[in-house]
file run.tsv (TSV, C-alpha atoms)
chain	number	residue	atom	x	y	z
A	7	LEU	CA	60.03	70.52	21.32
A	8	ASN	CA	59.52	69.29	24.85
A	9	ASN	CA	56.60	66.99	25.53
A	10	LEU	CA	53.29	68.87	25.53
A	11	PRO	CA	50.94	66.43	27.33
A	12	GLU	CA	48.26	69.06	28.01
A	13	THR	CA	48.16	70.38	24.45
A	14	GLY	CA	46.36	69.20	21.33
A	15	VAL	CA	46.11	70.38	17.73
A	16	VAL	CA	42.95	70.35	15.61
A	17	LEU	CA	43.50	70.67	11.86
A	18	ILE	CA	40.43	71.07	9.64
A	19	GLY	CA	40.14	70.92	5.87
A	20	ARG	CA	38.41	69.93	2.69
A	21	ASN	CA	40.17	69.21	-0.60
A	22	GLU	CA	43.18	71.41	0.19
A	23	ARG	CA	45.50	69.13	-1.86
A	24	GLU	CA	49.13	70.35	-1.77
A	25	ARG	CA	48.24	73.00	0.79
A	26	PHE	CA	47.15	70.23	3.13
A	27	ILE	CA	50.46	68.41	2.66
A	28	ARG	CA	52.27	71.60	3.68
A	29	ALA	CA	49.98	71.92	6.71
A	30	LEU	CA	50.83	68.38	7.79
A	31	ASP	CA	54.54	68.97	7.19
A	32	SER	CA	54.41	72.00	9.49
A	33	LEU	CA	53.13	69.76	12.30
A	34	THR	CA	55.81	67.08	11.92
A	35	ASN	CA	57.83	68.32	14.88
A	36	LEU	CA	54.72	68.07	17.08
A	37	MET	CA	53.81	64.50	16.20
A	38	THR	CA	55.60	63.00	19.22
A	39	SER	CA	54.90	65.82	21.66
A	40	CYS	CA	51.14	66.38	21.52
A	41	ALA	CA	47.92	64.88	20.19
A	42	ILE	CA	46.84	65.87	16.67
A	43	VAL	CA	43.39	65.39	15.14
A	44	TYR	CA	42.41	66.09	11.53
A	45	VAL	CA	38.73	66.75	10.82
A	46	ASP	CA	37.73	66.23	7.20
A	47	SER	CA	34.63	67.78	5.66
A	48	GLY	CA	33.94	65.42	2.78
A	49	SER	CA	37.23	65.63	0.87
A	50	THR	CA	37.50	63.74	-2.41
A	51	ASP	CA	41.28	64.08	-2.64
A	52	ASN	CA	43.84	62.10	-0.61
A	53	SER	CA	43.64	64.22	2.55
A	54	VAL	CA	42.26	61.48	4.80
A	55	LYS	CA	44.69	58.88	3.51
A	56	GLU	CA	47.64	61.26	3.85
A	57	ALA	CA	46.75	62.19	7.43
A	58	ARG	CA	46.33	58.58	8.50
A	59	SER	CA	49.60	57.58	6.87
A	60	ARG	CA	51.33	59.98	9.25
A	61	GLY	CA	49.63	58.61	12.34
A	62	VAL	CA	47.21	61.51	12.73
A	63	THR	CA	43.78	60.72	14.19
A	64	VAL	CA	41.12	61.42	11.55
A	65	VAL	CA	37.49	62.42	12.09
A	66	GLU	CA	35.31	62.27	8.97
A	67	LEU	CA	32.19	64.38	9.38
A	68	ASP	CA	28.78	62.95	8.52
A	69	LEU	CA	27.91	64.04	4.97
A	70	THR	CA	24.20	64.39	5.77
A	71	THR	CA	24.75	67.43	8.02
A	72	PRO	CA	25.86	70.77	6.50
A	73	PHE	CA	29.58	71.44	6.88
A	74	THR	CA	30.81	74.45	8.83
A	75	ALA	CA	34.25	75.26	10.18
A	76	ALA	CA	32.64	75.66	13.60
A	77	ARG	CA	31.24	72.12	13.46
A	78	ALA	CA	34.59	70.72	12.35
A	79	ARG	CA	36.55	72.42	15.13
A	80	ASN	CA	34.10	71.30	17.80
A	81	ALA	CA	34.32	67.73	16.54
A	82	GLY	CA	38.11	67.90	16.57
A	83	LEU	CA	38.29	69.03	20.18
A	84	PHE	CA	35.77	66.39	21.20
A	85	ALA	CA	38.00	63.73	19.63
A	86	LEU	CA	41.07	65.15	21.37
A	87	LEU	CA	39.37	65.01	24.77
A	88	GLU	CA	38.25	61.47	24.11
A	89	GLN	CA	41.93	60.56	23.76
A	90	ASN	CA	43.08	62.61	26.75
A	91	GLN	CA	40.72	64.38	29.15
A	92	ASN	CA	43.66	66.32	30.61
A	93	ILE	CA	44.20	68.41	27.49
A	94	ALA	CA	44.11	72.03	28.67
A	95	TYR	CA	45.01	73.90	25.47
A	96	VAL	CA	44.03	73.39	21.83
A	97	GLN	CA	45.63	74.94	18.78
A	98	PHE	CA	43.20	75.23	15.86
A	99	ILE	CA	44.69	75.48	12.38
A	100	ASP	CA	43.08	75.52	8.94
A	101	GLY	CA	44.11	73.10	6.22
A	102	ASP	CA	45.44	75.87	3.97
A	103	CYS	CA	47.88	77.09	6.64
A	104	GLN	CA	51.26	76.14	8.03
A	105	LEU	CA	52.09	76.44	11.73
A	106	GLN	CA	55.30	78.40	12.26
A	107	PRO	CA	58.19	76.97	14.33
A	108	GLY	CA	58.37	78.41	17.81
A	109	TRP	CA	54.81	79.69	17.89
A	110	LEU	CA	53.23	77.00	20.07
A	111	PRO	CA	55.80	76.94	22.93
A	112	ALA	CA	55.83	80.74	23.14
A	113	ALA	CA	52.04	81.01	23.02
A	114	LEU	CA	51.62	78.29	25.65
A	115	LYS	CA	54.04	80.05	27.97
A	116	HIS	CA	52.11	83.29	27.59
A	117	MET	CA	48.78	81.57	28.24
A	118	THR	CA	50.16	79.83	31.33
A	119	ASN	CA	51.42	83.14	32.73
A	120	ASN	CA	48.11	84.91	32.03
A	121	PRO	CA	45.18	82.87	33.40
A	122	SER	CA	42.61	85.46	32.28
A	123	LEU	CA	43.30	84.67	28.63
A	124	ALA	CA	40.83	82.45	26.78
A	125	ALA	CA	42.71	82.58	23.47
A	126	VAL	CA	45.80	84.00	21.82
A	127	CYS	CA	46.69	84.42	18.17
A	128	GLY	CA	49.73	85.70	16.34
A	129	ARG	CA	50.61	87.03	12.90
A	130	ARG	CA	49.11	85.10	10.04
A	131	ARG	CA	50.94	85.86	6.80
A	132	GLU	CA	50.18	85.12	3.18
A	133	LEU	CA	52.55	82.58	1.65
A	134	TYR	CA	52.64	84.26	-1.77
A	135	PRO	CA	51.63	87.93	-1.41
A	136	GLU	CA	53.57	88.77	-4.56
A	137	ASN	CA	51.40	86.50	-6.75
A	138	SER	CA	48.32	88.74	-6.89
A	139	LEU	CA	46.81	91.99	-5.66
A	140	TYR	CA	44.24	89.96	-3.71
A	141	ASN	CA	46.90	87.96	-1.88
A	142	ARG	CA	48.60	91.22	-0.90
A	143	LEU	CA	45.34	92.67	0.39
A	144	ILE	CA	44.71	89.58	2.49
A	145	ASP	CA	48.25	89.70	3.87
A	146	GLN	CA	47.55	93.23	5.11
A	147	GLU	CA	44.17	92.16	6.47
A	148	TRP	CA	45.92	89.57	8.67
A	149	ASN	CA	48.19	92.27	10.15
A	150	THR	CA	45.96	93.11	13.11
A	151	PRO	CA	47.07	95.25	16.08
A	152	VAL	CA	49.19	93.60	18.79
A	153	GLY	CA	47.72	93.45	22.29
A	154	LYS	CA	44.26	92.88	23.74
A	155	ALA	CA	41.78	92.06	20.98
A	156	LYS	CA	38.07	91.52	20.50
A	157	SER	CA	38.55	88.34	18.51
A	158	CYS	CA	40.95	86.10	16.65
A	159	GLY	CA	40.76	84.18	13.38
A	160	GLY	CA	40.60	80.50	12.48
A	161	ASP	CA	44.15	79.83	13.65
A	162	ALA	CA	44.42	80.38	17.40
A	163	LEU	CA	45.39	78.74	20.68
A	164	TYR	CA	42.47	78.33	23.12
A	165	ARG	CA	42.23	77.44	26.78
A	166	VAL	CA	39.95	74.41	26.80
A	167	ALA	CA	38.26	75.37	30.08
A	168	ALA	CA	37.30	78.76	28.65
A	169	PHE	CA	36.23	77.27	25.32
A	170	ASN	CA	33.98	74.73	27.02
A	171	SER	CA	32.59	77.25	29.50
A	172	VAL	CA	30.65	78.93	26.66
A	173	GLY	CA	29.83	75.77	24.72
A	174	GLY	CA	32.52	76.10	22.06
A	175	PHE	CA	31.79	77.28	18.53
A	176	ASN	CA	28.21	77.72	17.40
A	177	SER	CA	27.95	75.06	14.69
A	178	SER	CA	25.04	76.83	13.00
A	179	VAL	CA	27.19	79.88	12.18
A	180	ILE	CA	28.32	79.44	8.57
A	181	ALA	CA	30.90	82.26	8.64
A	182	GLY	CA	32.48	84.47	11.27
A	183	GLU	CA	32.31	81.76	13.91
A	184	GLU	CA	35.50	83.00	15.59
A	185	PRO	CA	34.37	86.56	16.49
A	186	GLU	CA	30.98	85.12	17.53
A	187	LEU	CA	32.72	82.76	19.97
A	188	CYS	CA	35.09	85.46	21.19
A	189	TYR	CA	32.14	87.77	21.88
A	190	ARG	CA	30.64	85.15	24.18
A	191	LEU	CA	34.00	84.58	25.87
A	192	ARG	CA	34.46	88.31	26.54
A	193	GLU	CA	30.92	88.49	27.91
A	194	LYS	CA	32.00	85.87	30.47
A	195	GLY	CA	35.02	87.97	31.48
A	196	TRP	CA	37.69	86.15	29.46
A	197	GLU	CA	40.30	88.03	27.46
A	198	ILE	CA	41.71	87.59	23.92
A	199	GLU	CA	45.19	88.71	22.91
A	200	ARG	CA	47.14	89.06	19.68
A	201	LEU	CA	50.84	88.36	20.25
A	202	ASN	CA	53.70	89.90	18.31
A	203	LEU	CA	54.79	86.50	16.97
A	204	ASP	CA	54.55	84.74	13.62
A	205	MET	CA	51.88	82.05	13.96
A	206	THR	CA	50.90	80.66	10.56
A	207	MET	CA	51.44	81.01	6.83
A	208	HIS	CA	48.24	81.07	4.79
A	209	ASP	CA	47.77	80.30	1.10
A	210	ALA	CA	44.73	82.22	-0.16
A	211	ASN	CA	45.64	81.58	-3.78
A	212	LEU	CA	43.25	84.26	-5.08
A	213	HIS	CA	43.86	85.59	-8.59
A	214	THR	CA	40.55	86.98	-9.86
A	215	PHE	CA	38.03	89.59	-8.76
A	216	GLN	CA	35.32	86.93	-8.78
A	217	GLU	CA	37.24	84.89	-6.17
A	218	TRP	CA	37.80	88.01	-4.09
A	219	TRP	CA	34.12	88.98	-4.32
A	220	LYS	CA	32.97	85.52	-3.22
A	221	ARG	CA	35.20	85.80	-0.16
A	222	SER	CA	33.91	89.31	0.55
A	223	GLU	CA	30.30	88.10	0.39
A	224	ARG	CA	31.12	85.47	3.00
A	225	TYR	CA	32.62	88.08	5.32
A	226	GLY	CA	29.65	90.34	4.74
A	227	HIS	CA	27.28	87.54	5.70
A	228	ALA	CA	29.30	86.98	8.89
A	229	ALA	CA	29.14	90.66	9.85
A	230	MET	CA	25.39	90.89	9.28
A	231	GLU	CA	24.69	87.67	11.18
A	232	ALA	CA	26.74	88.90	14.15
A	233	ALA	CA	24.91	92.22	14.11
A	234	TYR	CA	21.57	90.44	14.00
A	235	ARG	CA	22.47	88.09	16.87
A	236	TYR	CA	24.04	90.70	19.16
call {"tool": "encode", "arguments": {"input": "run.tsv", "output": "structure tokens"}}
result
Amino acid sequence: LNNLPETGVVLIGRNERERFIRALDSLTNLMTSCAIVYVDSGSTDNSVKEARSRGVTVVELDLTTPFTAARARNAGLFALLEQNQNIAYVQFIDGDCQLQPGWLPAALKHMTNNPSLAAVCGRRRELYPENSLYNRLIDQEWNTPVGKAKSCGGDALYRVAAFNSVGGFNSSVIAGEEPELCYRLREKGWEIERLNLDMTMHDANLHTFQEWWKRSERYGHAAMEAAYRY
């Protein structure tokens, strides 16, 4: 990749173990071209040590404040901007995902050519859809329509100016923080787009109905909170 001086990556996670190693491996080709920050939410595995061993800046969140993905992503961008105030784009990625080769340059080009875009996302795929019915269902869930969208998921490329113009993620939102943010961006006139490109591989690793139900409860909470707020 060419040098990406105006681009940063924020990786968030907690006890992702081997999935985190794969996430870091997927960023190897970016290590010399853009800034990367890992935000850890109280991991007890070797995530922090592994990230630091690769030269990645690590932010360890204060354990006395409740963890949310929104809080972690905000902290990651803050750390990026402390390193380089000229960062104009930030790619967020979750610790159970792998960034796909070619995604970032293509997405950056599209964002540069379309100044009305606040964020773009691509196709997130399940790594092992064949391993369970629940993995297959999630893989289909990720297959959202291409084109203008109301929101994107946890993995997405944001324009920092747009992100900051609405105050970033709401750290008090415990689930569904992405559509909540995208709602506020659209209210300000910004646009969101889903590109017809592979973006990340995700490892849900769900094998039981109980695991699926727990995930569904979280999404239900997010939907009800959004409805209550807006």
call {"tool": "residues_around", "arguments": {"input": "run.tsv", "residues": "Asn170 (chain A)", "least_positions_apart": "3", "cutoff": "12 Å", "atoms": "only C-alpha atoms", "output": "list in words"}}
result
Asn80, Leu83, Phe84, Leu87, Ala94, Tyr95, Val96, Ala124, Tyr164, Arg165, Val166, Ala167, Gly173, Gly174, Phe175, Asn176, Leu187, Arg190, Leu191 and Lys194 of chain A
call {"tool": "closest_residue", "arguments": {"input": "run.tsv", "among": "A:Leu203, A:Gly159, A:Val16, A:Ser39", "to": "Gln106 (chain A)", "atoms": "all atoms listed in the file"}}
result
A:Leu203
call {"tool": "closest_residue", "arguments": {"input": "run.tsv", "among": "A:Trp218, A:Tyr236, A:Phe26, A:Trp196", "to": "Ile99 (chain A)", "atoms": "all atoms listed in the file"}}
result
A:Phe26
call {"tool": "residues_near_point", "arguments": {"input": "run.tsv", "point": "(30.2, 72.1, 3.2)", "cutoff": "9 Å", "atoms": "only C-alpha atoms", "output": "list of chain:residue names"}}
result
A:Arg20, A:Ser47, A:Gly48, A:Leu69, A:Thr71, A:Pro72, A:Phe73, A:Thr74, A:Ala75
call {"tool": "write_last_selection", "arguments": {"input": "run.tsv", "atoms": "C-alpha atoms", "output": "PDB file, in the frame of the given file"}}
result
ATOM      1  CA  ARG A  20      38.410  69.930   2.690  1.00  0.00           C
ATOM      2  CA  SER A  47      34.630  67.780   5.660  1.00  0.00           C
ATOM      3  CA  GLY A  48      33.940  65.420   2.780  1.00  0.00           C
ATOM      4  CA  LEU A  69      27.910  64.040   4.970  1.00  0.00           C
ATOM      5  CA  THR A  71      24.750  67.430   8.020  1.00  0.00           C
ATOM      6  CA  PRO A  72      25.860  70.770   6.500  1.00  0.00           C
ATOM      7  CA  PHE A  73      29.580  71.440   6.880  1.00  0.00           C
ATOM      8  CA  THR A  74      30.810  74.450   8.830  1.00  0.00           C
ATOM      9  CA  ALA A  75      34.250  75.260  10.180  1.00  0.00           C
TER      10      ALA A  75
END
call {"tool": "residues_around", "arguments": {"input": "run.tsv", "residues": "Leu17 (chain A)", "least_positions_apart": "6", "cutoff": "12 Å", "atoms": "only C-alpha atoms", "output": "ChimeraX atom specification"}}
result
/A:26-27,29-30,32-33,41-47,53-54,57,62-65,75,78-83,85-86,96-105,160-162
call {"tool": "closest_residue", "arguments": {"input": "run.tsv", "among": "A:Ser49, A:Arg25, A:Met207, A:Trp148", "to": "Asp68 (chain A)", "atoms": "all atoms listed in the file"}}
result
A:Ser49
call {"tool": "closest_residue", "arguments": {"input": "run.tsv", "among": "A:Leu139, A:Ala113, A:Val172, A:Cys127", "to": "Phe215 (chain A)", "atoms": "only C-alpha atoms"}}
result
A:Leu139
call {"tool": "closest_residue", "arguments": {"input": "run.tsv", "among": "A:Ser178, A:Thr214, A:Thr13, A:Thr70", "to": "Leu163 (chain A)", "atoms": "only C-alpha atoms"}}
result
A:Thr13
call {"tool": "atom_distance", "arguments": {"input": "run.tsv", "atom1": "CA of Glu231 (chain A)", "atom2": "CA of Trp219 (chain A)"}}
result
18.2 Å
call {"tool": "closest_residue", "arguments": {"input": "run.tsv", "among": "A:Val179, A:Asp204, A:Ala155, A:Glu223", "to": "Arg192 (chain A)", "atoms": "all atoms listed in the file"}}
result
A:Ala155
call {"tool": "atom_distance", "arguments": {"input": "run.tsv", "atom1": "CA of Gly226 (chain A)", "atom2": "CA of Glu24 (chain A)"}}
result
28.7 Å
call {"tool": "atom_distance", "arguments": {"input": "run.tsv", "atom1": "CA of Arg200 (chain A)", "atom2": "CA of Pro151 (chain A)"}}
result
7.2 Å
call {"tool": "residues_near_point", "arguments": {"input": "run.tsv", "point": "(49.9, 89.0, 23.6)", "cutoff": "10 Å", "atoms": "all atoms listed in the file", "output": "ChimeraX atom specification"}}
result
/A:113,116-117,120,123,125-128,152-155,198-203
call {"tool": "build_atoms", "arguments": {"input": "run.tsv", "residues": "region 55-90 of chain A", "atoms": "N, CA and C atoms", "output": "PDB file, in the coordinates of the input"}}
result
ATOM      1  N   LYS A  55      43.657  59.897   3.627  1.00  0.00           N
ATOM      2  CA  LYS A  55      44.690  58.880   3.510  1.00  0.00           C
ATOM      3  C   LYS A  55      46.052  59.426   3.939  1.00  0.00           C
ATOM      4  N   GLU A  56      46.361  60.644   3.526  1.00  0.00           N
ATOM      5  CA  GLU A  56      47.640  61.260   3.850  1.00  0.00           C
ATOM      6  C   GLU A  56      47.774  61.478   5.357  1.00  0.00           C
ATOM      7  N   ALA A  57      46.711  61.955   5.986  1.00  0.00           N
ATOM      8  CA  ALA A  57      46.750  62.190   7.430  1.00  0.00           C
ATOM      9  C   ALA A  57      46.946  60.892   8.193  1.00  0.00           C
ATOM     10  N   ARG A  58      46.204  59.871   7.810  1.00  0.00           N
ATOM     11  CA  ARG A  58      46.330  58.580   8.500  1.00  0.00           C
ATOM     12  C   ARG A  58      47.690  57.950   8.305  1.00  0.00           C
ATOM     13  N   SER A  59      48.284  58.155   7.142  1.00  0.00           N
ATOM     14  CA  SER A  59      49.600  57.580   6.870  1.00  0.00           C
ATOM     15  C   SER A  59      50.671  58.160   7.788  1.00  0.00           C
ATOM     16  N   ARG A  60      50.390  59.332   8.354  1.00  0.00           N
ATOM     17  CA  ARG A  60      51.330  59.980   9.250  1.00  0.00           C
ATOM     18  C   ARG A  60      50.991  59.749  10.724  1.00  0.00           C
ATOM     19  N   GLY A  61      50.004  58.921  10.965  1.00  0.00           N
ATOM     20  CA  GLY A  61      49.630  58.610  12.340  1.00  0.00           C
ATOM     21  C   GLY A  61      48.727  59.622  12.994  1.00  0.00           C
ATOM     22  N   VAL A  62      48.122  60.502  12.193  1.00  0.00           N
ATOM     23  CA  VAL A  62      47.210  61.510  12.730  1.00  0.00           C
ATOM     24  C   VAL A  62      45.815  60.911  12.861  1.00  0.00           C
ATOM     25  N   THR A  63      45.167  61.160  13.999  1.00  0.00           N
ATOM     26  CA  THR A  63      43.780  60.720  14.190  1.00  0.00           C
ATOM     27  C   THR A  63      42.879  61.501  13.235  1.00  0.00           C
ATOM     28  N   VAL A  64      41.992  60.792  12.541  1.00  0.00           N
ATOM     29  CA  VAL A  64      41.120  61.420  11.550  1.00  0.00           C
ATOM     30  C   VAL A  64      39.659  61.292  11.979  1.00  0.00           C
ATOM     31  N   VAL A  65      38.942  62.403  11.884  1.00  0.00           N
ATOM     32  CA  VAL A  65      37.490  62.420  12.090  1.00  0.00           C
ATOM     33  C   VAL A  65      36.863  62.815  10.761  1.00  0.00           C
ATOM     34  N   GLU A  66      36.020  61.961  10.211  1.00  0.00           N
ATOM     35  CA  GLU A  66      35.310  62.270   8.970  1.00  0.00           C
ATOM     36  C   GLU A  66      33.873  62.656   9.313  1.00  0.00           C
ATOM     37  N   LEU A  67      33.507  63.890   9.018  1.00  0.00           N
ATOM     38  CA  LEU A  67      32.190  64.380   9.380  1.00  0.00           C
ATOM     39  C   LEU A  67      31.090  63.716   8.547  1.00  0.00           C
ATOM     40  N   ASP A  68      29.955  63.521   9.175  1.00  0.00           N
ATOM     41  CA  ASP A  68      28.780  62.950   8.520  1.00  0.00           C
ATOM     42  C   ASP A  68      28.351  63.856   7.359  1.00  0.00           C
ATOM     43  N   LEU A  69      28.225  63.275   6.176  1.00  0.00           N
ATOM     44  CA  LEU A  69      27.910  64.040   4.970  1.00  0.00           C
ATOM     45  C   LEU A  69      26.463  64.552   4.949  1.00  0.00           C
ATOM     46  N   THR A  70      25.607  64.012   5.812  1.00  0.00           N
ATOM     47  CA  THR A  70      24.200  64.390   5.770  1.00  0.00           C
ATOM     48  C   THR A  70      23.913  65.688   6.533  1.00  0.00           C
ATOM     49  N   THR A  71      24.893  66.178   7.270  1.00  0.00           N
ATOM     50  CA  THR A  71      24.750  67.430   8.020  1.00  0.00           C
ATOM     51  C   THR A  71      25.605  68.500   7.361  1.00  0.00           C
ATOM     52  N   PRO A  72      25.076  69.712   7.158  1.00  0.00           N
ATOM     53  CA  PRO A  72      25.860  70.770   6.500  1.00  0.00           C
ATOM     54  C   PRO A  72      27.204  71.011   7.177  1.00  0.00           C
ATOM     55  N   PHE A  73      28.239  71.190   6.356  1.00  0.00           N
ATOM     56  CA  PHE A  73      29.580  71.440   6.880  1.00  0.00           C
ATOM     57  C   PHE A  73      29.738  72.898   7.303  1.00  0.00           C
ATOM     58  N   THR A  74      30.343  73.124   8.432  1.00  0.00           N
ATOM     59  CA  THR A  74      30.810  74.450   8.830  1.00  0.00           C
ATOM     60  C   THR A  74      32.144  74.280   9.526  1.00  0.00           C
ATOM     61  N   ALA A  75      32.973  75.320   9.478  1.00  0.00           N
ATOM     62  CA  ALA A  75      34.250  75.260  10.180  1.00  0.00           C
ATOM     63  C   ALA A  75      34.016  75.115  11.677  1.00  0.00           C
ATOM     64  N   ALA A  76      32.961  75.752  12.179  1.00  0.00           N
ATOM     65  CA  ALA A  76      32.640  75.660  13.600  1.00  0.00           C
ATOM     66  C   ALA A  76      32.361  74.209  13.999  1.00  0.00           C
ATOM     67  N   ARG A  77      31.559  73.523  13.188  1.00  0.00           N
ATOM     68  CA  ARG A  77      31.240  72.120  13.460  1.00  0.00           C
ATOM     69  C   ARG A  77      32.498  71.259  13.443  1.00  0.00           C
ATOM     70  N   ALA A  78      33.361  71.505  12.475  1.00  0.00           N
ATOM     71  CA  ALA A  78      34.590  70.720  12.350  1.00  0.00           C
ATOM     72  C   ALA A  78      35.504  70.912  13.563  1.00  0.00           C
ATOM     73  N   ARG A  79      35.660  72.161  13.991  1.00  0.00           N
ATOM     74  CA  ARG A  79      36.550  72.420  15.130  1.00  0.00           C
ATOM     75  C   ARG A  79      36.005  71.818  16.417  1.00  0.00           C
ATOM     76  N   ASN A  80      34.705  71.928  16.617  1.00  0.00           N
ATOM     77  CA  ASN A  80      34.100  71.300  17.800  1.00  0.00           C
ATOM     78  C   ASN A  80      34.324  69.795  17.804  1.00  0.00           C
ATOM     79  N   ALA A  81      34.135  69.176  16.650  1.00  0.00           N
ATOM     80  CA  ALA A  81      34.320  67.730  16.540  1.00  0.00           C
ATOM     81  C   ALA A  81      35.768  67.340  16.809  1.00  0.00           C
ATOM     82  N   GLY A  82      36.704  68.175  16.349  1.00  0.00           N
ATOM     83  CA  GLY A  82      38.110  67.900  16.570  1.00  0.00           C
ATOM     84  C   GLY A  82      38.475  67.945  18.044  1.00  0.00           C
ATOM     85  N   LEU A  83      37.994  68.946  18.756  1.00  0.00           N
ATOM     86  CA  LEU A  83      38.290  69.030  20.180  1.00  0.00           C
ATOM     87  C   LEU A  83      37.646  67.884  20.936  1.00  0.00           C
ATOM     88  N   PHE A  84      36.431  67.517  20.563  1.00  0.00           N
ATOM     89  CA  PHE A  84      35.770  66.390  21.200  1.00  0.00           C
ATOM     90  C   PHE A  84      36.607  65.121  21.061  1.00  0.00           C
ATOM     91  N   ALA A  85      37.157  64.906  19.864  1.00  0.00           N
ATOM     92  CA  ALA A  85      38.000  63.730  19.630  1.00  0.00           C
ATOM     93  C   ALA A  85      39.281  63.791  20.444  1.00  0.00           C
ATOM     94  N   LEU A  86      39.866  64.992  20.550  1.00  0.00           N
ATOM     95  CA  LEU A  86      41.070  65.150  21.370  1.00  0.00           C
ATOM     96  C   LEU A  86      40.800  64.770  22.822  1.00  0.00           C
ATOM     97  N   LEU A  87      39.685  65.263  23.364  1.00  0.00           N
ATOM     98  CA  LEU A  87      39.370  65.010  24.770  1.00  0.00           C
ATOM     99  C   LEU A  87      38.982  63.562  25.010  1.00  0.00           C
ATOM    100  N   GLU A  88      38.497  62.898  23.976  1.00  0.00           N
ATOM    101  CA  GLU A  88      38.250  61.470  24.110  1.00  0.00           C
ATOM    102  C   GLU A  88      39.549  60.709  24.282  1.00  0.00           C
ATOM    103  N   GLN A  89      40.613  61.190  23.644  1.00  0.00           N
ATOM    104  CA  GLN A  89      41.930  60.560  23.760  1.00  0.00           C
ATOM    105  C   GLN A  89      42.592  60.892  25.094  1.00  0.00           C
ATOM    106  N   ASN A  90      42.415  62.136  25.537  1.00  0.00           N
ATOM    107  CA  ASN A  90      43.080  62.610  26.750  1.00  0.00           C
ATOM    108  C   ASN A  90      42.262  63.718  27.392  1.00  0.00           C
TER     109      ASN A  90
END
